[in-house]
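A.B. asks: Sharing a structure, written as structure tokens. Questions coming.
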Amino acid sequence: MQLTDFFAPLNLYNLSIFLLAFLIFDAIGSKVASIIKSPSYLRLIVWSWGLGIFVFLWFILHFFLPFWPIYVWISLLVCGLIFLPSYIKDKSYQSLINEIIRFPYPLIFLLILAKPLFFLLSSPPFYTDELAYHFYSPSQLFSEMRWSFIAGQSLYNMVPKFLNTSYWLMFSLSKTYVTARILHFLLVFSAIYVISVFVKKKINTYAAILYSFFALLSSSYFLYHSTLGYVDAGAAAFANLFLVVIADFLHEKKKNLLLVGGIIFGLTIGMKYTILAFLGSILVISLILFVISGKAKKFMTDNFRYSVFVFILAIVFGGYWYLKNLILTGNPIFPFLFKCFHALRCGTGYDFFASWSTPMDGFHFDLIRKILFQDNMKLFSATVAFLVFSLVISFILRLKQLKLLTIMIPLAVFLEILLSKNISGFELRYFFHWVLLIPLILVLPFGILLKTKLLSKNFQIMISIILTLLLFGTSGLVTLHNIKRLYEPDFVPGYIRNYAMRRINLSAWIDYYAPQTNEVIKWCGEARPMQNLLVLDPSLIWSGYELRAFMVNCTLNVIGPGKDTDIGEYATQIRKKYNNAYLVSFNRCDVKKPDLTFQPDQDMIRRHEANMKLICGATEILKNLYVLKN
């Protein structure tokens, strides 16, 4: 393998691979949808159910098989052979096309995003934690034979990995993370699309057009993250989708909506821990509303077996990550909140997030408001006013569906804050689901038009005009600013644009993006036997992420001395254990004090001292690359 075999920008070849995978996922999802009799408005999201089944399959397979392309291709094609014949025979693809034709507006708005979206989707790994752990390197993909879940090994080893596994599988198929970026964006886009169709069905087409417009275009920051290896945007979009499905269930009392809710819940919790508080809040509020309705007891008595099916679906589509944690550590969300087996350190809470998040308290309310509403007081005021207005008209006009949404949204957010404030702080990407709630709240007042028999046509037109003017007068400027932001030169950095347009190749990209480790990356990208790279330098641990994602013929081993280990003895042991191995270090032999601006703790200082002991007796063969001699 060579570095030039990987990380190609968007092209016809990798796009074709993605479309083939999408077709098979949609075939699997369509079969699931037909079995549970999913509502038609969810048609545009059923492909993600197929993806969920495929990832669950590989969660099991990876206990025995590596993520090698041959195995992933075989598994994908076998799924295709099983599900595509009935998909074609039943013309399930036609329902997807028809749904788009009936409501094409999100695709039209997508054209506004096309240029910056093309650049961002074409990029190699470049954004901090993408490089650190969301994206596997080629060497890790080929060298990891099976899951290495060691009880309590680390936070990042234990977090749910539905989207991460999706990324690795797509990378195995295409040898580029372009397909992973497309997958993440399509998950977000599909969820927004489905919510738009839901709004069309439950309110009206005009409100659905407005929702899709503002949801896609009112936050360039959210859009940016929906193209990254980070999983926050996907989790947020699916959390909002779960909200509307549960609201629909409370209104319709249809059993199939419970099954759909179980699938979406499983997929959402399979993406990220931090979304649990919001989903849990929705469940608590919906249960209370269901009990208040007086129909809960009879419904659950008559349909108890459905609750079992819902639980099974939630496990199969994402809950297995938590079941795995429970079995290994005794804590389904290791290492947070609950106690653990094996004397593991657990119960981590707010202190873990405190260093990079804003406390969720009254003192910081104004700061959080400014971040969430993009420092626009009019948008905040309009959101509150529109929510109150929707609640009032839903009670006056007895609009049950609208009433449920306007009750559930603020109560779920309020309960989430109560649950989260002592566990986590506010970081915008952890609360992207709030960002997507804003456009939903802003279109709810159009529900007044549902009572058409009580309103003359002229009055309906007048109300629509007034609401639209208020909407665009408050959020229009924010959206216009974000659309403008998409085309500002620094929104998509020049080196990303140049790579997408093939003005620079991967070698030039690495020279520009990773000037300190570019020679090491290229050395590992040449055809050679697999090499061990040791990382001890604390400066490299926190700022040398680019090494991890681009390793081809090298494995990266982060090592360090224990608290009571003698530094000199440790260095001797490392030389013996890794004779003729390679050490990567930013710091030279004569550096007395390490740069520890990120985490200046005793462990990092000891790492620096041990690193000095090793490189002072090593030979530098490339810039920042040393060979250890016994």
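Each chain of the structure tokens is named A, B, ... in the order shown, its residues numbered from 1; ligands are numbered from 1 in display order.
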From a DSSP calculation on the backbone, collect every residue of stretch 85-189 of chain A in alpha helix (DSSP H) and output the set as number ranges by chain.

C.D. replies: A: 85-89, 92-102, 105-121, 129, 138-143, 155-158, 162-174, 178-189

A.B. asks: To test your reading of the structure, identify every residue in stretch 495-554 of chain A that backbone DSSP assigns to strand (DSSP E), and report it as number ranges by chain.

C.D. replies: A: 531-535, 554

A.B. asks: Please save all heavy atoms of the selected residues as an mmCIF file, in the first residue's frame.

C.D. replies:
```
data_model
loop_
_atom_site.group_PDB
_atom_site.id
_atom_site.type_symbol
_atom_site.label_atom_id
_atom_site.label_comp_id
_atom_site.auth_asym_id
_atom_site.auth_seq_id
_atom_site.Cartn_x
_atom_site.Cartn_y
_atom_site.Cartn_z
ATOM 1 N N GLN A 531 5.945 -0.615 9.939
ATOM 2 C CA GLN A 531 6.906 -0.126 10.926
ATOM 3 C C GLN A 531 6.184 0.349 12.183
ATOM 4 O O GLN A 531 5.061 0.841 12.119
ATOM 5 C CB GLN A 531 7.709 1.056 10.344
ATOM 6 C CG GLN A 531 8.410 0.760 9.032
ATOM 7 C CD GLN A 531 9.533 -0.244 9.190
ATOM 8 O OE1 GLN A 531 10.210 -0.282 10.217
ATOM 9 N NE2 GLN A 531 9.737 -1.067 8.172
ATOM 10 N N ASN A 532 6.864 0.220 13.315
ATOM 11 C CA ASN A 532 6.352 0.749 14.576
ATOM 12 C C ASN A 532 6.861 2.158 14.796
ATOM 13 O O ASN A 532 8.077 2.382 14.827
ATOM 14 C CB ASN A 532 6.801 -0.121 15.753
ATOM 15 C CG ASN A 532 5.867 -1.283 15.999
ATOM 16 O OD1 ASN A 532 4.664 -1.156 15.841
ATOM 17 N ND2 ASN A 532 6.427 -2.424 16.366
ATOM 18 N N LEU A 533 5.948 3.107 14.956
ATOM 19 C CA LEU A 533 6.322 4.470 15.338
ATOM 20 C C LEU A 533 5.927 4.673 16.791
ATOM 21 O O LEU A 533 4.786 4.409 17.168
ATOM 22 C CB LEU A 533 5.612 5.513 14.472
ATOM 23 C CG LEU A 533 5.933 5.579 12.986
ATOM 24 C CD1 LEU A 533 5.313 6.829 12.382
ATOM 25 C CD2 LEU A 533 7.429 5.571 12.730
ATOM 26 N N LEU A 534 6.869 5.153 17.592
ATOM 27 C CA LEU A 534 6.603 5.434 18.997
ATOM 28 C C LEU A 534 6.390 6.931 19.186
ATOM 29 O O LEU A 534 7.108 7.751 18.608
ATOM 30 C CB LEU A 534 7.769 4.966 19.864
ATOM 31 C CG LEU A 534 8.197 3.499 19.717
ATOM 32 C CD1 LEU A 534 9.348 3.191 20.658
ATOM 33 C CD2 LEU A 534 7.029 2.565 19.954
ATOM 34 N N VAL A 535 5.413 7.282 19.989
ATOM 35 C CA VAL A 535 5.132 8.688 20.306
ATOM 36 C C VAL A 535 5.170 8.845 21.810
ATOM 37 O O VAL A 535 4.382 8.229 22.535
ATOM 38 C CB VAL A 535 3.761 9.137 19.758
ATOM 39 C CG1 VAL A 535 3.431 10.533 20.254
ATOM 40 C CG2 VAL A 535 3.760 9.108 18.241
ATOM 41 N N CYS A 554 2.774 2.308 8.689
ATOM 42 C CA CYS A 554 3.290 2.488 10.054
ATOM 43 C C CYS A 554 2.132 2.394 11.036
ATOM 44 O O CYS A 554 1.015 2.818 10.731
ATOM 45 C CB CYS A 554 3.962 3.847 10.220
ATOM 46 S SG CYS A 554 5.414 4.127 9.192
#
```

A.B. asks: Report, in Å to a single decimal, how far apart atom CA of A:Met604 and atom CA of A:Ile567 are.

C.D. replies: 12.7 Å

A.B. asks: Please report the interatomic distance between atom CA of A:Tyr221 and atom CA of A:Val188 in Å with one decimal.

C.D. replies: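 Interatomic distance here is 13.6 Å.
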
A.B. asks: Could you build a table of the residues in stretch 510-604 of chain A lying no more than 6 Å from stretch 129-145 of chain A, giving for each the nearest pair of atoms and their separation in Å rounded to one decimal place, using only C-alpha atoms, ordered by chain and ascending residue number, as JSON lines?

C.D. replies:
```
{"residue": "A:Tyr545", "atom": "CA", "partner": "A:Ala132", "partner_atom": "CA", "distance": 5.3}
{"residue": "A:Glu546", "atom": "CA", "partner": "A:Leu131", "partner_atom": "CA", "distance": 5.8}
{"residue": "A:Ala549", "atom": "CA", "partner": "A:Ser137", "partner_atom": "CA", "distance": 4.2}
{"residue": "A:Phe550", "atom": "CA", "partner": "A:Ser137", "partner_atom": "CA", "distance": 5.5}
{"residue": "A:Met551", "atom": "CA", "partner": "A:Ser137", "partner_atom": "CA", "distance": 5.5}
{"residue": "A:Val552", "atom": "CA", "partner": "A:Ser139", "partner_atom": "CA", "distance": 4.6}
{"residue": "A:Asn553", "atom": "CA", "partner": "A:Ser139", "partner_atom": "CA", "distance": 5.9}
```

A.B. asks: Can you write just those residues out, C-alpha atoms, as a PDB file, in the first residue's frame?

C.D. replies:
```pdb
ATOM      1  CA  TYR A 545      -3.104  14.580  15.035  1.00  0.00           C
ATOM      2  CA  GLU A 546      -2.317  14.639  11.319  1.00  0.00           C
ATOM      3  CA  ALA A 549      -5.119   9.546  10.023  1.00  0.00           C
ATOM      4  CA  PHE A 550      -2.476   9.393   7.267  1.00  0.00           C
ATOM      5  CA  MET A 551      -0.465   6.400   8.482  1.00  0.00           C
ATOM      6  CA  VAL A 552      -0.209   3.749   5.735  1.00  0.00           C
ATOM      7  CA  ASN A 553       2.729   1.435   6.445  1.00  0.00           C
TER       8      ASN A 553
END
```

A.B. asks: If you count only C-alpha atoms, which residues fall within 10 Å of A:Ile192, apart from same-chain ones fewer than 5 positions away, as a compact mmCIF listing (two decimals) with N, CA, C and O atoms, in the first residue's frame?

C.D. replies:
```
# COMPACT_ATOMS: atom_id res chain seq x y z
N LEU A 44 -37.92 8.95 2.91
CA LEU A 44 -36.60 9.47 2.55
C LEU A 44 -35.52 9.15 3.58
O LEU A 44 -34.35 9.43 3.34
N ILE A 45 -35.91 8.53 4.68
CA ILE A 45 -34.92 8.21 5.71
C ILE A 45 -34.69 6.71 5.85
O ILE A 45 -33.78 6.28 6.56
N PRO A 106 -36.28 21.01 -0.69
CA PRO A 106 -34.96 20.87 -0.06
C PRO A 106 -33.84 20.65 -1.07
O PRO A 106 -32.72 21.16 -0.89
N LEU A 186 -25.58 13.29 4.14
CA LEU A 186 -26.85 12.75 3.66
C LEU A 186 -27.75 12.33 4.82
O LEU A 186 -28.98 12.45 4.73
N LEU A 187 -27.17 11.83 5.90
CA LEU A 187 -27.97 11.52 7.09
C LEU A 187 -28.66 12.78 7.61
O LEU A 187 -29.85 12.78 7.93
N VAL A 197 -41.23 17.10 5.22
CA VAL A 197 -42.40 16.39 4.70
C VAL A 197 -43.43 16.20 5.82
O VAL A 197 -44.65 16.30 5.58
N PHE A 198 -42.96 15.95 7.04
CA PHE A 198 -43.86 15.85 8.19
C PHE A 198 -44.61 17.16 8.40
O PHE A 198 -45.83 17.17 8.61
N TYR A 211 -39.52 25.71 6.58
CA TYR A 211 -38.69 24.93 7.51
C TYR A 211 -37.44 24.42 6.82
O TYR A 211 -36.33 24.55 7.35
N SER A 212 -37.60 23.81 5.65
CA SER A 212 -36.43 23.24 4.96
C SER A 212 -35.44 24.34 4.59
O SER A 212 -34.22 24.14 4.66
N PHE A 213 -35.95 25.53 4.24
CA PHE A 213 -35.07 26.65 3.89
C PHE A 213 -34.22 27.07 5.08
O PHE A 213 -32.99 27.16 5.00
N ALA A 215 -33.79 25.47 8.05
CA ALA A 215 -33.02 24.39 8.66
C ALA A 215 -31.71 24.15 7.91
O ALA A 215 -30.68 23.84 8.51
N LEU A 216 -31.74 24.30 6.59
CA LEU A 216 -30.54 24.06 5.79
C LEU A 216 -29.60 25.26 5.72
O LEU A 216 -28.39 25.09 5.59
N ALA A 237 -29.80 15.91 14.09
CA ALA A 237 -30.88 15.79 13.11
C ALA A 237 -31.80 14.62 13.45
O ALA A 237 -33.03 14.74 13.36
N PHE A 238 -31.22 13.49 13.87
CA PHE A 238 -32.04 12.33 14.20
C PHE A 238 -32.79 12.52 15.52
O PHE A 238 -33.88 11.97 15.70
N ASN A 240 -34.12 15.36 16.47
CA ASN A 240 -35.31 16.13 16.08
C ASN A 240 -36.32 15.24 15.36
O ASN A 240 -37.53 15.39 15.53
N LEU A 241 -35.82 14.32 14.56
CA LEU A 241 -36.69 13.38 13.87
C LEU A 241 -37.42 12.50 14.89
O LEU A 241 -38.63 12.22 14.75
N LEU A 436 -31.54 23.10 15.39
CA LEU A 436 -32.57 22.64 14.45
C LEU A 436 -33.98 22.82 14.99
O LEU A 436 -34.95 22.82 14.21
```

A.B. asks: Skip stretch 351-358 of chain A itself and residues of its chain fewer than 6 positions away, then list as a PyMOL selection string all residues within 8 Å of it, counting only C-alpha atoms.

C.D. replies: chain A and resi 364+368+423-427

A.B. asks: Could those selected residues go to a file with N, CA, C and O atoms, as a PDB file, in the first residue's frame?

C.D. replies:
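After the write, out-v4.pdb holds the following:
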```
ATOM      1  N   HIS A 364     -24.607  32.328  33.016  1.00  0.00           N
ATOM      2  CA  HIS A 364     -24.111  32.175  31.649  1.00  0.00           C
ATOM      3  C   HIS A 364     -25.238  32.116  30.611  1.00  0.00           C
ATOM      4  O   HIS A 364     -24.981  31.821  29.440  1.00  0.00           O
ATOM      5  N   ILE A 368     -24.885  31.844  26.448  1.00  0.00           N
ATOM      6  CA  ILE A 368     -25.425  30.701  25.710  1.00  0.00           C
ATOM      7  C   ILE A 368     -26.444  31.177  24.677  1.00  0.00           C
ATOM      8  O   ILE A 368     -26.468  30.692  23.542  1.00  0.00           O
ATOM      9  N   ILE A 423     -23.818  17.564  34.775  1.00  0.00           N
ATOM     10  CA  ILE A 423     -23.061  16.496  34.131  1.00  0.00           C
ATOM     11  C   ILE A 423     -22.177  17.054  33.026  1.00  0.00           C
ATOM     12  O   ILE A 423     -21.037  16.653  32.849  1.00  0.00           O
ATOM     13  N   SER A 424     -22.729  17.998  32.287  1.00  0.00           N
ATOM     14  CA  SER A 424     -22.028  18.547  31.133  1.00  0.00           C
ATOM     15  C   SER A 424     -22.202  20.057  31.105  1.00  0.00           C
ATOM     16  O   SER A 424     -23.022  20.611  31.835  1.00  0.00           O
ATOM     17  N   GLY A 425     -21.450  20.717  30.262  1.00  0.00           N
ATOM     18  CA  GLY A 425     -21.623  22.133  30.036  1.00  0.00           C
ATOM     19  C   GLY A 425     -22.147  22.358  28.632  1.00  0.00           C
ATOM     20  O   GLY A 425     -22.392  21.419  27.874  1.00  0.00           O
ATOM     21  N   PHE A 426     -22.320  23.626  28.285  1.00  0.00           N
ATOM     22  CA  PHE A 426     -22.822  23.965  26.954  1.00  0.00           C
ATOM     23  C   PHE A 426     -21.657  24.113  25.980  1.00  0.00           C
ATOM     24  O   PHE A 426     -20.749  24.914  26.178  1.00  0.00           O
ATOM     25  N   GLU A 427     -21.687  23.290  24.957  1.00  0.00           N
ATOM     26  CA  GLU A 427     -20.794  23.402  23.811  1.00  0.00           C
ATOM     27  C   GLU A 427     -21.717  23.288  22.605  1.00  0.00           C
ATOM     28  O   GLU A 427     -22.484  22.331  22.493  1.00  0.00           O
TER      29      GLU A 427
END
```

A.B. asks: Looking at A:Gln2, A:Leu289, A:Ser122, A:Tyr350, which one is nearest to A:Leu419, with distances taken over only C-alpha atoms?

C.D. replies: A:Tyr350

A.B. asks: What does the structure give for the distance between atom CA of A:Ile371 and atom CA of A:Leu428, in Å to one decimal?

C.D. replies: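 Going from atom CA of A:Ile371 over to atom CA of A:Leu428 covers 7.3 Å.
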
A.B. asks: Need to verify the contact set: A:Ser95, 9 Å, only C-alpha atoms, exclusion of same-chain residues closer than 5 positions in sequence. Can you return it as a PyMOL selection string?

C.D. replies: chain A and resi 40+43+100

A.B. asks: Generate the output file for the selected residues, C-alpha atoms, as a PDB file, in the first residue's frame.

C.D. replies:
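Output saved as selection16.pdb:
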```pdb
ATOM      1  CA  SER A  40     -45.003   7.371   3.904  1.00  0.00           C
ATOM      2  CA  ARG A  43     -39.643   7.242   3.038  1.00  0.00           C
ATOM      3  CA  ILE A 100     -38.893  13.755  -3.924  1.00  0.00           C
TER       4      ILE A 100
END
```

A.B. asks: I need the residue nearest A:Phe249 from this list: A:Leu337, A:Met158, A:Leu51, A:Leu405. Use only C-alpha atoms for the distance.

C.D. replies: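 Once distances to A:Phe249 are computed over only C-alpha atoms, the minimum belongs to A:Leu405.
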
A.B. asks: Tell me which protein, DNA and RNA residues are within 10 Å of A:Ala382, counting only C-alpha atoms, leaving out same-chain ones fewer than 2 positions away, and put them as an NGL selection string.

C.D. replies: :A and (377-380 or 384-388 or 438 or 441-442 or 470-471 or 473-475)
